[in-house]
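Student: This is the structure I have questions about; it appears just below.
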Amino acid sequence: MPTDVVMPQMGESITEGTITKWLKQPGERVERDEPIFEITTDKVDAEIPAPAAGILSSILVEAGKTVSINTVVAIIGGEVGAVAEAPKTVAATPAATAVVSANTTSPAAVKSDGPNLSSPLVRRIAQENNLDLSRVTGTGAGGRITKDDVMKFLGGYGAENTAPTTPVAVSIPGELVPMTKMRSIIAQRMVESKHTSAHVHTIFKVDMTRIVRMRNRHKAEFESRHGVKLTYMPFITSAAIAALRKFPIVNANLEGDSIRYHAHINIGIAVALEWGLIVPVIKNSETLSFPELARSVADLAARARSKKLMPDEVAGGTFTLTNSGIFGEVIGLPIINQPQSAILGIGALTKEPVVITAADGTESIAIRSIQHFSLGFDHRIIDGADAGKFMAEFKSALENWQHGGA
Amino acid sequence: MQTLHVLQLGRISYAEALAVQQRAVALRREGSIGDLLLFVEHNPVITLGRNAHRENILVNEAALAQQGIELHETNRGGDVTYHGPGQLVGYPILDLRGEFPQKRGPYLGPVDYVRLLEEVLMRSCGEFGVTTQRIAGCTGVWTLAAPEKKLAAIGVHVTVGITSHGFALNVLNSANNAHGFDCIIPCGIATRGITSLQAEIESKPPCDQQPVPTLQQVEHSVARHFSRVFARDLHWAESLDEAMTVNTVSG
């Protein structure tokens with residue numbers, strides 16, 4: 001199984017490293033822990049060991065290049081040259097197609113009779129475009145009409161099976177701004193996640209009326225007693241923790257051919273920043289009381305915004321919450337934060353008319369506080385039924401909120 | 001707590017010290033010895049790090065030889081530096097994947113390790129009444145007053161998690177009076193000078209002066225602060241072989 005070799009972290013505040021030298025070349029066998037490349041920073045010269053034994057199949061980042069930490073710089077044990085040559089293979093395909101179509105034009109043309117020598121392909125293009133070939137001047141050998149002649153005559157339009165026209169780079173007025181480090185990491189992780197997990201989303205509508213009333217009743221007292229504002233986040237987080245406890249598969253991740261069930265529930269909470277997005281993590285959240293949870297949520301969000309998070313506070317999450325409802329969005333379909341297996345999207349809290357069925361069966365319409373929640377889950381390990389049960393549990397925890405909270 | 005074997009090798013040539021380091025790294029890597037701190041005092045030598053620029057050596061090799069100064073290329077990080085008598089050179093041979101209070105992942109980041117070496121040296125300098133600082137972007141230990149002068153230089157090599165090379169703290173004036181530093185632009189930094197603990201102590205008003213320490217006293221101080229900063233039990237070893245037997249007994 002191929003093993004990725006990544007740019008290691010040289011220090012807490014160091015986000016990138018420069019490869020100074022490759023000590024091994026593609027195709028060479030490396031032993032686990034054998035130095036394979038060198039990094040040099042200011043006063044440190046480090047030889048980085050191979051994470052696994054095998055053939056160094058490809059080097060993705062050449063010596064002299066600077067890349068951010070955790071970037072895959074080489075692959076051990078893959079097909080030799082597989083990755084490095086992949087782009088070449090892709091590039092070769094259109095070229096090959098072009099060659100084939102050119103070839104079909106010429107030999108076929110020899111066989112054809114008639115006043116205008118042409119190939120079956122040319123004749124078909126002409127037929128499909130309602131074109132009389134006698135109007136076309138052939139530029140090929142012996143006045144043969146080539147595909148190019150027809151295409152030129154037709155102005156390049158309307159024919160299938162033609163070589164794709166090269167897109168012309170049109171310059172559109174604007175500004176080219178390089179991505180920030182954070183932006184490029186987000187870009188890379190999001191695409192990686194979409195390529196890794198089999199994303200499925202399920203949406204649940206939750207009646208938050210009970211929570212809204214409870215919060216309104218207790219918020220002043222809660223703040224004075226615990227020194228932190230009572231928001232909806234700790235309620236939602238707490239309900240998610242309860243559901244995760246009941247359905248550990250949602251708090252698991254795929255590791256090779258196995259599923260790792262995490263002993264603890266580490267909840268990541270996505271925090272939007274003016275310059276991007278960061279996901280601080282509440283570790284061992286299942287051990288926290290409600291006020292502790294409320295404090296952690298507020299503290300991590302505040303420190304994320306003031307750039308005061310420690311590196312280990314944004315790592316090790318097992319499940320993520322993302323609140324996309326703050327701008328009034330009904331619900332979003334979030335991308336899973338790898339290597340986790342599920343993410344809970346939080347929609348806006350709004351008032352809606354809802355049909356209420358009383359105990360005696362009479363129905364009425366009432367104004368209720370409604371919030372939508374979506375679960376993005378990795379279908380590789382979580383089936384729709386698990387996700388449904390998880391969300392039903394989550395919904396029930398919120399709608400029948402029991403533990404005081406304040 | 002893990003053990004730190006401290007080995008005082010005394011005054012030896014750079015080549016000899018390099019050989020001891022290489023053996024220690026190999027032993028540390030195979031796990032037959034614990035973390036080590038080698039102390040040496042070198043005969044005059046100019047060494048070139050991985051990032052060294054030859055133009056930072058201001059005289060030719062013949063002139064250096066005439067003054068009895070050797071020239072060595074090494075695989076440590078950093079530019080050009082000078083080692084000589086009166087300077088305390090420390091070569092910590094640590095496995096960065098071991099236990100460290102500051103570790104935030106599978107290993108202690110090499111750059112974080114360098115910051116901790118500065119911490120050790122700054123605490124030692126403080127003990128002798130010389131207050132020092134770090135300067136962002138200029139690894140080493142610097143005096144406070146502008147223009148800042150360098151008291152200690154750092155350059156390390158890490159191979160598969162094992163550190164080698166280390167730091168050089170100028171203790172006595174002889175360390176920088178021996179023309180060695182005049183032959184180079186130390187660490188490629190032309191704008192700031194070099195100083196020693198002795199020079200810093202003697203530049204103070206007599207009433208504030210602490211006695212100038214001996215190399216041995218500074219060795220003890222550095223070892224002590226090293227053991228605190230890196231959370232290690234000190235073991236003063238007689239030789240690598242003796243350190244190995246200690247490791248086997250405790251391990």
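Convention: chains lettered A, B, ... in structure tokens order; per-chain residue numbering from 1; ligands numbered from 1 as shown.
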Residues of chain A within 7 Å of chain B: nearest atom pair and distance (Å, one decimal) for each, counting only C-alpha atoms, sorted by chain and number, as CSV?
Tutor:
```
residue,atom,partner,partner_atom,distance
A:Gln9,CA,B:Gly109,CA,6.3
A:Met10,CA,B:Gly109,CA,4.4
A:Gly11,CA,B:Gly109,CA,4.3
A:Glu12,CA,B:Asp112,CA,6.7
A:Asp33,CA,B:Val160,CA,6.5
A:Pro35,CA,B:Val160,CA,6.3
A:Thr40,CA,B:Gly77,CA,6.8
A:Asp42,CA,B:Gly78,CA,6.3
A:Lys43,CA,B:Gly77,CA,4.4
A:Val44,CA,B:Gly77,CA,4.3
A:Asp45,CA,B:Gly77,CA,4.5
A:Ala46,CA,B:Val158,CA,4.3
A:Glu47,CA,B:Thr159,CA,4.5
A:Ile48,CA,B:Val160,CA,5.6
A:Pro49,CA,B:Val160,CA,5.1
A:Asp312,CA,B:Arg104,CA,6.8
```
Student: Those same residues - N, CA and C atoms - I'd like them written as a PDB file, in the first residue's frame.
Tutor:
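Okay, this is what ended up in out-v7.pdb:
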```pdb
ATOM      1  N   GLN A   9       6.683  18.978  10.543  1.00  0.00           N
ATOM      2  CA  GLN A   9       6.642  20.271  11.225  1.00  0.00           C
ATOM      3  C   GLN A   9       7.953  20.473  11.973  1.00  0.00           C
ATOM      4  N   MET A  10       8.626  21.569  11.688  1.00  0.00           N
ATOM      5  CA  MET A  10       9.929  21.819  12.311  1.00  0.00           C
ATOM      6  C   MET A  10       9.787  22.547  13.638  1.00  0.00           C
ATOM      7  N   GLY A  11       8.671  23.213  13.849  1.00  0.00           N
ATOM      8  CA  GLY A  11       8.474  23.925  15.098  1.00  0.00           C
ATOM      9  C   GLY A  11       7.057  24.425  15.144  1.00  0.00           C
ATOM     10  N   GLU A  12       6.631  24.809  16.361  1.00  0.00           N
ATOM     11  CA  GLU A  12       5.226  25.175  16.525  1.00  0.00           C
ATOM     12  C   GLU A  12       4.800  26.327  15.639  1.00  0.00           C
ATOM     13  N   ASP A  33      12.753   4.580   8.396  1.00  0.00           N
ATOM     14  CA  ASP A  33      13.665   5.376   9.221  1.00  0.00           C
ATOM     15  C   ASP A  33      14.990   5.701   8.549  1.00  0.00           C
ATOM     16  N   PRO A  35      17.172   8.040   6.258  1.00  0.00           N
ATOM     17  CA  PRO A  35      16.973   9.420   5.803  1.00  0.00           C
ATOM     18  C   PRO A  35      16.711   9.458   4.300  1.00  0.00           C
ATOM     19  N   THR A  40      16.475  22.407   5.407  1.00  0.00           N
ATOM     20  CA  THR A  40      17.315  23.363   6.110  1.00  0.00           C
ATOM     21  C   THR A  40      16.492  24.581   6.453  1.00  0.00           C
ATOM     22  N   ASP A  42      16.853  28.230   9.106  1.00  0.00           N
ATOM     23  CA  ASP A  42      17.809  29.116   9.751  1.00  0.00           C
ATOM     24  C   ASP A  42      19.055  28.420  10.320  1.00  0.00           C
ATOM     25  N   LYS A  43      18.900  27.709  11.426  1.00  0.00           N
ATOM     26  CA  LYS A  43      20.078  27.121  12.069  1.00  0.00           C
ATOM     27  C   LYS A  43      19.961  25.614  12.194  1.00  0.00           C
ATOM     28  N   VAL A  44      19.000  25.049  11.517  1.00  0.00           N
ATOM     29  CA  VAL A  44      18.787  23.617  11.659  1.00  0.00           C
ATOM     30  C   VAL A  44      18.919  22.941  10.314  1.00  0.00           C
ATOM     31  N   ASP A  45      19.636  21.842  10.337  1.00  0.00           N
ATOM     32  CA  ASP A  45      19.773  21.043   9.140  1.00  0.00           C
ATOM     33  C   ASP A  45      19.241  19.675   9.524  1.00  0.00           C
ATOM     34  N   ALA A  46      18.163  19.226   8.912  1.00  0.00           N
ATOM     35  CA  ALA A  46      17.550  17.984   9.374  1.00  0.00           C
ATOM     36  C   ALA A  46      17.405  16.976   8.246  1.00  0.00           C
ATOM     37  N   GLU A  47      17.752  15.737   8.553  1.00  0.00           N
ATOM     38  CA  GLU A  47      17.549  14.645   7.605  1.00  0.00           C
ATOM     39  C   GLU A  47      16.276  13.933   7.998  1.00  0.00           C
ATOM     40  N   ILE A  48      15.345  13.820   7.076  1.00  0.00           N
ATOM     41  CA  ILE A  48      14.025  13.293   7.406  1.00  0.00           C
ATOM     42  C   ILE A  48      13.941  11.818   7.016  1.00  0.00           C
ATOM     43  N   PRO A  49      13.501  10.986   7.966  1.00  0.00           N
ATOM     44  CA  PRO A  49      13.460   9.551   7.707  1.00  0.00           C
ATOM     45  C   PRO A  49      12.236   9.121   6.906  1.00  0.00           C
ATOM     46  N   ASP A 312      -2.177  22.606  19.099  1.00  0.00           N
ATOM     47  CA  ASP A 312      -2.874  21.360  19.429  1.00  0.00           C
ATOM     48  C   ASP A 312      -4.354  21.605  19.720  1.00  0.00           C
TER      49      ASP A 312
END
```
Student: Taking the chain letters and numbering used in this document, name the residues of region 176-208 of chain A that DSSP puts in alpha helix (DSSP H), as an NGL selection string.
Tutor: :A and (181-196)
Student: Go ahead and compute the interatomic distance for CA of Pro211 (chain B) and CA of Cys125 (chain B), in Å to one decimal.
Tutor: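 Answer for the CA of Pro211 (chain B) to CA of Cys125 (chain B) separation: 12.8 Å.
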Student: Excluding same-chain residues fewer than 5 positions from Val222 (chain B), what lies within 7 Å of it counting only C-alpha atoms, as a tab-separated table (two decimals) with all heavy atoms, in the first residue's frame?
Tutor:
```
chain	number	residue	atom	x	y	z
B	120	VAL	N	18.13	27.52	27.72
B	120	VAL	CA	19.12	26.96	28.65
B	120	VAL	C	20.28	27.95	28.82
B	120	VAL	O	20.67	28.28	29.94
B	120	VAL	CB	19.66	25.61	28.11
B	120	VAL	CG1	20.88	25.17	28.90
B	120	VAL	CG2	18.57	24.56	28.13
B	121	LEU	N	20.80	28.44	27.69
B	121	LEU	CA	21.97	29.31	27.73
B	121	LEU	C	21.64	30.66	28.38
B	121	LEU	O	22.43	31.21	29.14
B	121	LEU	CB	22.52	29.51	26.32
B	121	LEU	CG	23.03	28.20	25.68
B	121	LEU	CD1	23.33	28.40	24.21
B	121	LEU	CD2	24.27	27.69	26.41
B	124	SER	N	21.61	30.23	32.06
B	124	SER	CA	22.97	30.13	32.60
B	124	SER	C	23.63	31.50	32.66
B	124	SER	O	24.25	31.86	33.66
B	124	SER	CB	23.82	29.19	31.75
B	124	SER	OG	23.66	27.89	32.21
```
Student: Which polymer residues have any atom within 8 Å of an atom of Val354 (chain A), counting only C-alpha atoms, with same-chain residues fewer than 4 positions away left out, as a tab-separated table (two decimals) with C-alpha atoms, in the first residue's frame?
Tutor:
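Full text of selection.tsv as output:
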```
chain	number	residue	atom	x	y	z
A	365	ILE	CA	-51.29	25.51	13.63
A	366	ALA	CA	-48.83	27.18	15.99
A	367	ILE	CA	-45.91	29.56	15.67
A	368	ARG	CA	-42.80	27.61	16.62
```
Student: Using DSSP on the backbone coordinates, identify all residues within region 53-220 of chain B classified as strand (DSSP E or B); present the result as number ranges by chain.
Tutor: B: 57, 70-73, 80-83, 87-93, 95, 132-135, 138-143, 149-159, 162-170, 184, 193-194
Student: Go ahead and write the selection's residues with N, CA and C atoms as a CSV table (one decimal), in the first residue's frame.
Tutor:
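Below is the file part08.csv, written as the result:
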```
chain,number,residue,atom,x,y,z
B,57,ILE,N,34.5,34.1,5.3
B,57,ILE,CA,35.8,33.8,5.9
B,57,ILE,C,36.7,34.9,5.2
B,70,GLU,N,42.3,25.6,12.3
B,70,GLU,CA,41.8,24.6,11.3
B,70,GLU,C,40.6,25.1,10.6
B,71,LEU,N,40.2,24.5,9.5
B,71,LEU,CA,39.0,24.8,8.8
B,71,LEU,C,38.2,23.5,8.6
B,72,HIS,N,37.0,23.5,8.9
B,72,HIS,CA,36.2,22.3,8.8
B,72,HIS,C,34.8,22.6,8.2
B,73,GLU,N,34.4,21.8,7.2
B,73,GLU,CA,33.0,21.9,6.7
B,73,GLU,C,32.2,20.9,7.5
B,80,VAL,N,29.1,30.5,9.1
B,80,VAL,CA,30.5,30.3,9.6
B,80,VAL,C,30.6,30.6,11.1
B,81,THR,N,31.4,29.8,11.8
B,81,THR,CA,31.7,30.2,13.2
B,81,THR,C,33.1,29.8,13.6
B,82,TYR,N,33.5,30.3,14.7
B,82,TYR,CA,34.8,30.0,15.2
B,82,TYR,C,34.7,29.4,16.6
B,83,HIS,N,35.5,28.3,16.8
B,83,HIS,CA,35.6,27.7,18.2
B,83,HIS,C,37.0,27.8,18.6
B,87,GLN,N,36.0,28.9,25.2
B,87,GLN,CA,34.6,28.8,24.8
B,87,GLN,C,34.0,27.5,25.2
B,88,LEU,N,32.8,27.5,25.7
B,88,LEU,CA,32.2,26.2,26.1
B,88,LEU,C,31.4,25.7,25.0
B,89,VAL,N,31.7,24.6,24.4
B,89,VAL,CA,31.0,24.0,23.3
B,89,VAL,C,30.2,22.8,23.8
B,90,GLY,N,28.9,22.8,23.5
B,90,GLY,CA,28.0,21.7,24.0
B,90,GLY,C,27.4,21.0,22.8
B,91,TYR,N,27.5,19.7,22.8
B,91,TYR,CA,26.9,18.9,21.7
B,91,TYR,C,25.8,18.0,22.3
B,92,PRO,N,24.5,18.4,22.3
B,92,PRO,CA,23.5,17.5,22.9
B,92,PRO,C,23.1,16.5,21.8
B,93,ILE,N,23.1,15.2,22.2
B,93,ILE,CA,22.7,14.1,21.3
B,93,ILE,C,21.4,13.6,21.9
B,95,ASP,N,17.2,12.4,21.4
B,95,ASP,CA,16.2,11.8,20.5
B,95,ASP,C,15.0,12.7,20.6
B,132,THR,N,20.4,38.4,29.1
B,132,THR,CA,20.5,38.2,27.6
B,132,THR,C,19.2,38.1,27.0
B,133,GLN,N,19.1,38.1,25.7
B,133,GLN,CA,17.9,38.0,25.0
B,133,GLN,C,18.0,37.2,23.7
B,134,ARG,N,16.8,36.9,23.1
B,134,ARG,CA,16.8,36.3,21.8
B,134,ARG,C,16.5,37.5,20.8
B,135,ILE,N,17.0,37.3,19.6
B,135,ILE,CA,16.6,38.3,18.6
B,135,ILE,C,16.0,37.5,17.4
B,138,CYS,N,17.6,35.8,14.3
B,138,CYS,CA,19.1,35.7,14.5
B,138,CYS,C,19.2,34.7,15.7
B,139,THR,N,19.2,33.4,15.4
B,139,THR,CA,19.3,32.4,16.4
B,139,THR,C,20.6,32.6,17.2
B,140,GLY,N,20.5,32.4,18.5
B,140,GLY,CA,21.7,32.6,19.4
B,140,GLY,C,21.3,33.3,20.6
B,141,VAL,N,22.2,33.6,21.5
B,141,VAL,CA,22.0,34.4,22.7
B,141,VAL,C,22.7,35.7,22.6
B,142,TRP,N,22.0,36.8,22.8
B,142,TRP,CA,22.5,38.1,22.6
B,142,TRP,C,22.4,39.0,23.9
B,143,THR,N,23.3,39.9,24.0
B,143,THR,CA,23.3,40.9,25.1
B,143,THR,C,22.1,41.9,24.9
B,149,LYS,N,25.3,42.2,21.2
B,149,LYS,CA,26.5,41.3,20.8
B,149,LYS,C,26.2,39.9,21.1
B,150,LYS,N,26.8,39.0,20.4
B,150,LYS,CA,26.5,37.6,20.5
B,150,LYS,C,27.3,36.9,21.6
B,151,LEU,N,26.7,36.3,22.5
B,151,LEU,CA,27.3,35.5,23.5
B,151,LEU,C,27.4,34.0,23.2
B,152,ALA,N,26.4,33.5,22.5
B,152,ALA,CA,26.4,32.1,22.2
B,152,ALA,C,25.8,31.9,20.8
B,153,ALA,N,26.4,31.0,20.1
B,153,ALA,CA,26.0,30.6,18.7
B,153,ALA,C,25.4,29.2,18.8
B,154,ILE,N,24.4,29.0,17.9
B,154,ILE,CA,23.8,27.7,17.8
B,154,ILE,C,23.7,27.2,16.4
B,155,GLY,N,24.0,25.9,16.2
B,155,GLY,CA,23.8,25.3,14.8
B,155,GLY,C,23.6,23.8,15.1
B,156,VAL,N,22.5,23.3,14.6
B,156,VAL,CA,22.3,21.9,14.9
B,156,VAL,C,22.1,21.1,13.6
B,157,HIS,N,22.2,19.8,13.8
B,157,HIS,CA,21.9,18.8,12.7
B,157,HIS,C,21.0,17.8,13.3
B,158,VAL,N,20.0,17.4,12.6
B,158,VAL,CA,19.0,16.4,13.1
B,158,VAL,C,19.0,15.3,12.0
B,159,THR,N,19.3,14.1,12.4
B,159,THR,CA,19.1,13.0,11.5
B,159,THR,C,18.2,11.9,12.1
B,162,ILE,N,17.5,12.3,15.7
B,162,ILE,CA,18.6,12.5,16.7
B,162,ILE,C,19.4,13.7,16.4
B,163,THR,N,19.6,14.5,17.4
B,163,THR,CA,20.3,15.8,17.2
B,163,THR,C,21.8,15.6,17.3
B,164,SER,N,22.6,16.5,16.7
B,164,SER,CA,24.0,16.6,16.9
B,164,SER,C,24.4,18.0,16.7
B,165,HIS,N,25.7,18.3,16.8
B,165,HIS,CA,26.2,19.7,16.9
B,165,HIS,C,25.4,20.4,18.0
B,166,GLY,N,25.5,21.7,18.1
B,166,GLY,CA,24.8,22.3,19.2
B,166,GLY,C,25.1,23.7,19.4
B,167,PHE,N,25.8,24.1,20.6
B,167,PHE,CA,26.0,25.5,20.9
B,167,PHE,C,27.4,25.8,21.3
B,168,ALA,N,27.8,27.0,21.2
B,168,ALA,CA,29.1,27.5,21.7
B,168,ALA,C,28.9,28.8,22.4
B,169,LEU,N,29.2,28.7,23.7
B,169,LEU,CA,29.1,29.9,24.6
B,169,LEU,C,30.5,30.5,24.9
B,170,ASN,N,30.6,31.7,24.5
B,170,ASN,CA,31.9,32.4,24.8
B,170,ASN,C,32.0,32.7,26.3
B,184,ILE,N,36.6,35.9,10.4
B,184,ILE,CA,35.3,35.6,9.8
B,184,ILE,C,34.2,36.6,10.1
B,193,GLY,N,28.4,42.4,16.9
B,193,GLY,CA,29.7,41.9,17.3
B,193,GLY,C,29.5,40.6,18.2
B,194,ILE,N,30.7,40.3,18.8
B,194,ILE,CA,30.8,39.1,19.6
B,194,ILE,C,31.3,39.5,21.0
```
Student: Fewer than 6 positions away in the same chain doesn't count, so skip those; otherwise give me all residues within 7 Å of region 253-256 of chain A, counting only C-alpha atoms, as a ChimeraX atom specification.
Tutor: /A:339-341
Student: For Pro85 (chain B), which residue among B:Ala19, B:Leu48, B:Asn60, B:Val171 is the nearest when counting only C-alpha atoms?
Tutor: B:Val171
Student: What lies within 7 Å of Ala198 (chain A) using only C-alpha atoms, ignoring chain neighbours under 4 positions off, as a list in words?
Tutor: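 Once the adjacent positions are removed, what remains is Asp378, His379 and Arg380 of chain A.
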Student: When you look at Ile249 (chain A) with a cut-off of 9 Å (counting only C-alpha atoms), what residues show up, excluding the ones that are within fewer than 6 positions of it in the same chain? I need them as a list in words.
Tutor: Ile259, Arg260, Tyr261, Ser341, Ile381, Ile382 and Asp386 of chain A
Student: Could you write those residues out with N, CA and C atoms, as a PDB file, in the first residue's frame?
Tutor:
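The result, stored in out-v2.pdb:
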```
ATOM      1  N   ILE A 259     -12.058   0.374  11.005  1.00  0.00           N
ATOM      2  CA  ILE A 259     -12.769   1.562  11.488  1.00  0.00           C
ATOM      3  C   ILE A 259     -12.267   1.844  12.891  1.00  0.00           C
ATOM      4  N   ARG A 260     -11.803   3.053  13.108  1.00  0.00           N
ATOM      5  CA  ARG A 260     -11.332   3.414  14.442  1.00  0.00           C
ATOM      6  C   ARG A 260     -12.441   4.142  15.189  1.00  0.00           C
ATOM      7  N   TYR A 261     -12.895   3.530  16.294  1.00  0.00           N
ATOM      8  CA  TYR A 261     -13.893   4.173  17.147  1.00  0.00           C
ATOM      9  C   TYR A 261     -13.141   4.963  18.202  1.00  0.00           C
ATOM     10  N   SER A 341     -15.604  11.590   9.992  1.00  0.00           N
ATOM     11  CA  SER A 341     -16.568  10.931   9.132  1.00  0.00           C
ATOM     12  C   SER A 341     -17.895  11.659   9.041  1.00  0.00           C
ATOM     13  N   ILE A 381     -18.463   4.466   5.773  1.00  0.00           N
ATOM     14  CA  ILE A 381     -18.627   3.764   7.052  1.00  0.00           C
ATOM     15  C   ILE A 381     -19.989   4.015   7.704  1.00  0.00           C
ATOM     16  N   ILE A 382     -20.683   5.079   7.310  1.00  0.00           N
ATOM     17  CA  ILE A 382     -21.969   5.379   7.948  1.00  0.00           C
ATOM     18  C   ILE A 382     -23.075   5.196   6.908  1.00  0.00           C
ATOM     19  N   ASP A 386     -27.996   4.695   9.910  1.00  0.00           N
ATOM     20  CA  ASP A 386     -27.240   5.166  11.087  1.00  0.00           C
ATOM     21  C   ASP A 386     -27.357   6.673  11.209  1.00  0.00           C
TER      22      ASP A 386
END
```
